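Peer 1: I'm passing along final.cif; it holds mmCIF, C-alpha atoms.
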data_start
#
loop_
_atom_site.label_atom_id
_atom_site.label_comp_id
_atom_site.auth_asym_id
_atom_site.auth_seq_id
_atom_site.Cartn_x
_atom_site.Cartn_y
_atom_site.Cartn_z
CA MET A 1 101.54 58.76 58.12
CA ALA A 2 101.09 55.26 56.73
CA ALA A 3 98.77 54.76 53.80
CA ALA A 4 95.72 52.57 54.23
CA PRO A 5 96.03 49.09 52.69
CA TYR A 6 94.57 48.58 49.24
CA ARG A 7 90.93 47.51 49.23
CA ARG A 8 88.94 46.60 46.11
CA VAL A 9 86.05 48.86 45.21
CA SER A 10 82.67 47.17 45.59
CA GLN A 11 80.99 46.41 42.26
CA GLY A 12 77.59 45.59 43.74
CA GLU A 13 74.62 47.69 44.80
CA ASP A 14 75.62 47.71 48.47
CA GLY A 15 78.10 50.55 47.82
CA GLY A 16 79.77 51.53 51.08
CA SER A 17 78.67 48.65 53.29
CA SER A 18 81.98 46.84 52.67
CA ARG A 19 83.78 49.40 54.83
CA PRO A 20 84.57 48.36 58.39
CA ARG A 21 82.23 49.56 61.09
CA SER A 22 85.03 51.49 62.82
CA GLU A 23 85.69 53.49 59.64
CA ARG A 24 82.02 54.41 59.28
CA PHE A 25 81.89 55.34 62.96
CA MET A 26 84.91 57.62 62.60
CA ASP A 27 83.22 59.31 59.62
CA LYS A 28 80.24 60.07 61.85
CA ILE A 29 82.53 61.41 64.59
CA TYR A 30 84.24 63.75 62.10
CA ALA A 31 80.82 64.89 60.87
CA VAL A 32 79.70 65.66 64.43
CA ILE A 33 82.92 67.62 65.02
CA TRP A 34 82.40 69.74 61.88
CA ILE A 35 78.74 70.34 62.68
CA THR A 36 79.58 71.34 66.26
CA LEU A 37 82.34 73.64 65.05
CA ALA A 38 79.96 75.24 62.52
CA LEU A 39 77.33 75.78 65.21
CA LEU A 40 79.88 77.33 67.57
CA VAL A 41 81.21 79.65 64.85
CA ALA A 42 77.64 80.63 63.89
CA LYS A 43 76.85 81.42 67.52
CA TRP A 44 80.13 83.27 68.14
CA THR A 45 79.84 85.40 64.98
CA ARG A 46 76.04 85.84 65.15
CA PHE A 47 76.03 84.48 61.60
CA ILE A 48 72.30 84.49 60.78
CA PRO A 49 71.41 87.85 62.41
CA ILE A 50 74.35 89.54 60.69
CA LEU A 51 73.46 88.09 57.28
CA THR A 52 69.84 89.14 57.61
CA SER A 53 70.03 92.54 59.28
CA ASP A 54 73.53 94.06 59.29
CA ASN A 55 73.88 97.16 57.10
CA ARG A 56 77.55 96.41 56.36
CA ILE A 57 76.63 93.32 54.31
CA VAL A 58 76.70 94.09 50.57
CA LYS A 59 73.08 93.09 49.89
CA PRO A 60 73.15 92.90 46.05
CA LEU A 61 76.08 90.46 46.21
CA LEU A 62 74.39 88.46 48.96
CA TYR A 63 71.19 88.19 46.93
CA SER A 64 73.14 87.23 43.80
CA ALA A 65 74.95 84.51 45.77
CA LEU A 66 71.61 83.22 47.05
CA VAL A 67 70.24 83.13 43.49
CA CYS A 68 73.29 81.10 42.39
CA LEU A 69 72.77 78.76 45.35
CA GLY A 70 69.08 78.37 44.47
CA ILE A 71 69.86 77.55 40.83
CA ASN A 72 72.49 75.06 41.97
CA THR A 73 69.96 73.43 44.29
CA VAL A 74 67.39 73.11 41.50
CA LEU A 75 70.00 71.56 39.20
CA LEU A 76 71.06 69.16 41.96
CA PHE A 77 67.46 68.03 42.44
CA TYR A 78 67.21 67.62 38.67
CA LEU A 79 70.24 65.33 38.59
CA CYS A 80 69.59 63.42 41.81
CA ILE A 81 65.80 63.15 41.94
CA TYR A 82 64.14 63.95 38.61
CA LEU A 83 66.43 61.98 36.29
CA PRO A 84 66.58 58.77 38.37
CA ARG A 85 62.98 58.74 39.64
CA ILE A 86 61.02 60.21 36.73
CA LYS A 87 63.16 59.58 33.65
CA GLY A 88 64.71 56.33 34.91
CA ILE A 89 68.31 57.40 34.22
CA THR A 90 70.17 55.88 37.16
CA ASP A 91 73.72 55.87 35.78
CA SER A 92 75.51 59.18 36.37
CA SER A 93 77.74 58.55 33.34
CA ALA A 94 74.64 59.18 31.19
CA TRP A 95 74.61 62.80 32.36
CA ASP A 96 77.30 63.60 29.78
CA VAL A 97 74.96 62.47 27.02
CA TYR A 98 71.56 63.46 28.38
CA CYS A 99 72.48 66.85 29.91
CA PRO A 100 76.15 67.62 29.18
CA ARG A 101 76.18 71.22 30.43
CA VAL A 102 74.61 70.75 33.85
CA VAL A 103 77.72 69.73 35.81
CA PRO A 104 79.97 72.51 34.41
CA THR A 105 77.15 75.00 35.01
CA MET A 106 76.85 73.84 38.61
CA ALA A 107 80.61 74.14 39.13
CA THR A 108 80.66 77.67 37.69
CA LEU A 109 77.67 78.73 39.79
CA GLY A 110 79.27 77.24 42.91
CA VAL A 111 82.49 79.20 42.42
CA LEU A 112 80.56 82.40 41.67
CA CYS A 113 78.35 81.86 44.71
CA ALA A 114 81.34 81.39 47.01
CA LEU A 115 83.18 84.44 45.67
CA MET A 116 80.11 86.68 45.86
CA LEU A 117 79.27 85.48 49.37
CA ILE A 118 82.82 86.14 50.57
CA ARG A 119 82.76 89.61 49.02
CA ALA A 120 79.34 90.34 50.51
CA CYS A 121 80.54 89.43 54.01
CA TRP A 122 83.98 91.05 53.72
CA PRO A 123 82.96 94.39 55.31
CA VAL A 124 81.78 92.58 58.44
CA TRP A 125 84.44 89.90 59.04
CA GLY A 126 87.32 90.98 56.80
CA PHE A 127 90.00 88.33 56.30
CA LEU A 128 88.03 85.92 58.48
CA ALA A 129 85.10 85.87 56.03
CA PRO A 130 86.45 82.98 53.89
CA LEU A 131 87.29 80.98 57.02
CA ILE A 132 83.90 81.57 58.64
CA LEU A 133 81.99 80.79 55.46
CA GLY A 134 84.15 77.73 54.82
CA VAL A 135 83.45 76.32 58.28
CA GLU A 136 79.73 76.95 57.81
CA ALA A 137 79.81 75.25 54.40
CA PHE A 138 81.63 72.20 55.80
CA GLY A 139 79.12 72.02 58.66
CA CYS A 140 76.24 72.00 56.17
CA LEU A 141 77.99 69.42 54.00
CA PHE A 142 78.76 67.07 56.88
CA ALA A 143 75.20 67.41 58.19
CA LEU A 144 74.22 65.26 55.20
CA HIS A 145 75.86 62.30 56.99
CA PHE A 146 72.77 62.15 59.18
CA VAL A 147 70.14 62.33 56.44
CA PRO A 148 68.69 58.83 56.08
CA TRP A 149 68.95 57.75 52.43
#
Take the structure in the file and give it back as structure tokens.

Peer 2:
Amino acid sequence: MAAAPYRRVSQGEDGGSSRPRSERFMDKIYAVIWITLALLVAKWTRFIPILTSDNRIVKPLLYSALVCLGINTVLLFYLCIYLPRIKGITDSSAWDVYCPRVVPTMATLGVLCALMLIRACWPVWGFLAPLILGVEAFGCLFALHFVPW
């Protein structure tokens, strides 16, 4: 596979608008594929009904994973909404000075959340649990392509 030719990184405010239209279109196509795959896996595995009502799910681990996810979400809103909009800190390099422990905390909580969620779902899906949860996570991540910023 040939490597893409070198392209300078934009220094202006426009960010990603220097990318060719075909590249941005392909990104959207990949996002639609991941979202479709996540929806199909969720339908095939009955993902939501099993998480909410199956007795084989290890509930304390599921609830602990949801708490970690909630804390991560609050910290993400703190970094992405509160600091730029309220405090006026728009440069992410200032996070190391202003709140140095937030990013490592988020990384630790993310790993703990993933491990606890996999363990909570293991009795239902077994070795497929990491694959199913990974596909669902990628579907949620790529759904952000269609959020208008």

Peer 1: Determine the nearest neighbour of A:Ile50 from the options A:Trp125, A:Ala143, A:Arg21, A:Ala137, counting all atoms listed in the file.

Peer 2: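 That would be A:Trp125, the residue with the smallest distance to A:Ile50.
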
Peer 1: As a check of understanding, name the residues that the PyMOL selection byres ((chain A and resi 56-60) around 9) selects in the supplied structure, as an MDAnalysis selection string.

Peer 2: chainID A and resid 50:55 61:65 119:124

Peer 1: Selected residues, C-alpha atoms, written as a compact mmCIF listing (two decimals), in the frame of the given file, please.

Peer 2:
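What follows is the written file part-v4.txt:
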# COMPACT_ATOMS: atom_id res chain seq x y z
CA ILE A 50 74.35 89.54 60.69
CA LEU A 51 73.46 88.09 57.28
CA THR A 52 69.84 89.14 57.61
CA SER A 53 70.03 92.54 59.28
CA ASP A 54 73.53 94.06 59.29
CA ASN A 55 73.88 97.16 57.10
CA LEU A 61 76.08 90.46 46.21
CA LEU A 62 74.39 88.46 48.96
CA TYR A 63 71.19 88.19 46.93
CA SER A 64 73.14 87.23 43.80
CA ALA A 65 74.95 84.51 45.77
CA ARG A 119 82.76 89.61 49.02
CA ALA A 120 79.34 90.34 50.51
CA CYS A 121 80.54 89.43 54.01
CA TRP A 122 83.98 91.05 53.72
CA PRO A 123 82.96 94.39 55.31
CA VAL A 124 81.78 92.58 58.44

Peer 1: From the options A:Ala42, A:Val102, A:Val111, A:Val32, which residue's atoms come nearest to A:Cys80, counting only C-alpha atoms?

Peer 2: A:Val102

Peer 1: Since I can't run it myself right now, could you work out what the PyMOL selection byres ((chain A and resi 37) around 12) selects here and report it as a list in words?

Peer 2: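 Against this file, the PyMOL selection byres ((chain A and resi 37) around 12) returns the residues Tyr30, Ala31, Val32, Ile33, Trp34, Ile35, Thr36, Ala38, Leu39, Leu40, Val41, Ala42, Lys43, Trp44, Leu131, Ile132, Leu133, Gly134, Val135, Glu136, Ala137, Phe138, Gly139, Cys140, Phe142 and Ala143 of chain A.
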
Peer 1: If you measure from atom CA of A:Leu115 to atom CA of A:Pro130, what distance in Å do you get, rounded to one decimal?

Peer 2: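 Computing it gives 9.0 Å between the two atoms.
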
Peer 1: Using only C-alpha atoms, which residues sit within 7 Å of A:Cys68 once same-chain residues fewer than 4 positions away are excluded, as an MDAnalysis selection string?

Peer 2: chainID A and resid 64 72 109 113

Peer 1: Selected by the PyMOL selection byres ((chain A and resi 75) around 12) in the shown coordinates: which residues, as a VMD selection string?

Peer 2: chain A and resid 68 to 74 76 to 83 99 101 to 107 109 to 110

Peer 1: With all atoms listed in the file as the basis for distance, which of A:Leu117, A:Tyr98, A:Arg85, A:Ser93 is at the shortest distance from A:Leu66?

Peer 2: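 Closest to A:Leu66 of all the choices is A:Leu117.
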
Peer 1: Record the distance separating atom CA of A:Met116 and atom CA of A:Leu144, expressed in Å with one decimal.

Peer 2: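 Atom CA of A:Leu144 lies 24.1 Å from atom CA of A:Met116.
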
Peer 1: Report, in Å with one decimal, the straight-line distance from atom CA of A:Phe146 to atom CA of A:Arg24.

Peer 2: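 Separation between atom CA of A:Phe146 and atom CA of A:Arg24: 12.1 Å.
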
Peer 1: From the list A:Val67, A:Pro84, A:Ser92, A:Leu141, which residue is nearest A:Leu112 when using only C-alpha atoms?

Peer 2: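 Counting only C-alpha atoms, the residue closest to A:Leu112 is A:Val67.
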
Peer 1: Select stretch 10-74 of chain A in the preceding structure and write C-alpha atoms to a file as a compact mmCIF listing (two decimals), in the first residue's frame.

Peer 2:
# COMPACT_ATOMS: atom_id res chain seq x y z
CA SER A 10 -2.81 23.87 8.35
CA GLN A 11 -1.74 26.59 10.79
CA GLY A 12 -4.94 28.62 10.50
CA GLU A 13 -8.34 28.41 12.15
CA ASP A 14 -9.92 26.51 9.26
CA GLY A 15 -8.46 23.22 10.57
CA GLY A 16 -9.55 20.38 8.32
CA SER A 17 -10.96 22.34 5.40
CA SER A 18 -7.67 21.98 3.49
CA ARG A 19 -8.39 18.29 2.93
CA PRO A 20 -9.77 17.33 -0.47
CA ARG A 21 -13.49 16.84 -0.74
CA SER A 22 -13.06 13.18 -1.76
CA GLU A 23 -11.12 12.47 1.45
CA ARG A 24 -13.82 14.04 3.61
CA PHE A 25 -16.48 12.12 1.69
CA MET A 26 -14.66 8.83 2.26
CA ASP A 27 -14.47 9.62 5.98
CA LYS A 28 -18.26 9.99 6.01
CA ILE A 29 -18.66 6.71 4.11
CA TYR A 30 -16.48 4.89 6.67
CA ALA A 31 -18.51 6.46 9.47
CA VAL A 32 -21.77 5.27 7.90
CA ILE A 33 -20.32 1.76 7.53
CA TRP A 34 -19.30 1.63 11.21
CA ILE A 35 -22.64 3.01 12.37
CA THR A 36 -24.53 0.51 10.22
CA LEU A 37 -22.38 -2.33 11.48
CA ALA A 38 -22.96 -1.24 15.09
CA LEU A 39 -26.72 -1.08 14.53
CA LEU A 40 -26.75 -4.53 12.93
CA VAL A 41 -24.69 -6.03 15.77
CA ALA A 42 -26.96 -4.35 18.34
CA LYS A 43 -30.03 -5.77 16.61
CA TRP A 44 -28.52 -9.24 16.14
CA THR A 45 -27.32 -9.51 19.75
CA ARG A 46 -30.33 -7.70 21.30
CA PHE A 47 -27.74 -5.43 22.92
CA ILE A 48 -29.96 -2.99 24.85
CA PRO A 49 -32.53 -5.53 26.13
CA ILE A 50 -29.76 -7.85 27.31
CA LEU A 51 -27.88 -5.06 29.09
CA THR A 52 -31.01 -3.86 30.84
CA SER A 53 -32.84 -7.07 31.73
CA ASP A 54 -30.69 -10.20 31.39
CA ASN A 55 -29.90 -11.90 34.70
CA ARG A 56 -26.55 -13.20 33.42
CA ILE A 57 -25.11 -9.67 33.25
CA VAL A 58 -22.92 -8.94 36.29
CA LYS A 59 -24.86 -5.87 37.46
CA PRO A 60 -22.35 -4.41 39.97
CA LEU A 61 -19.66 -4.36 37.27
CA LEU A 62 -22.09 -2.90 34.74
CA TYR A 63 -23.08 -0.13 37.14
CA SER A 64 -19.43 0.57 38.00
CA ALA A 65 -18.61 0.82 34.29
CA LEU A 66 -21.51 3.24 33.82
CA VAL A 67 -20.25 5.36 36.72
CA CYS A 68 -16.79 5.49 35.10
CA LEU A 69 -18.39 6.45 31.79
CA GLY A 70 -20.43 9.18 33.50
CA ILE A 71 -17.36 10.64 35.23
CA ASN A 72 -15.48 10.54 31.93
CA THR A 73 -18.35 12.37 30.23
CA VAL A 74 -18.39 15.08 32.90
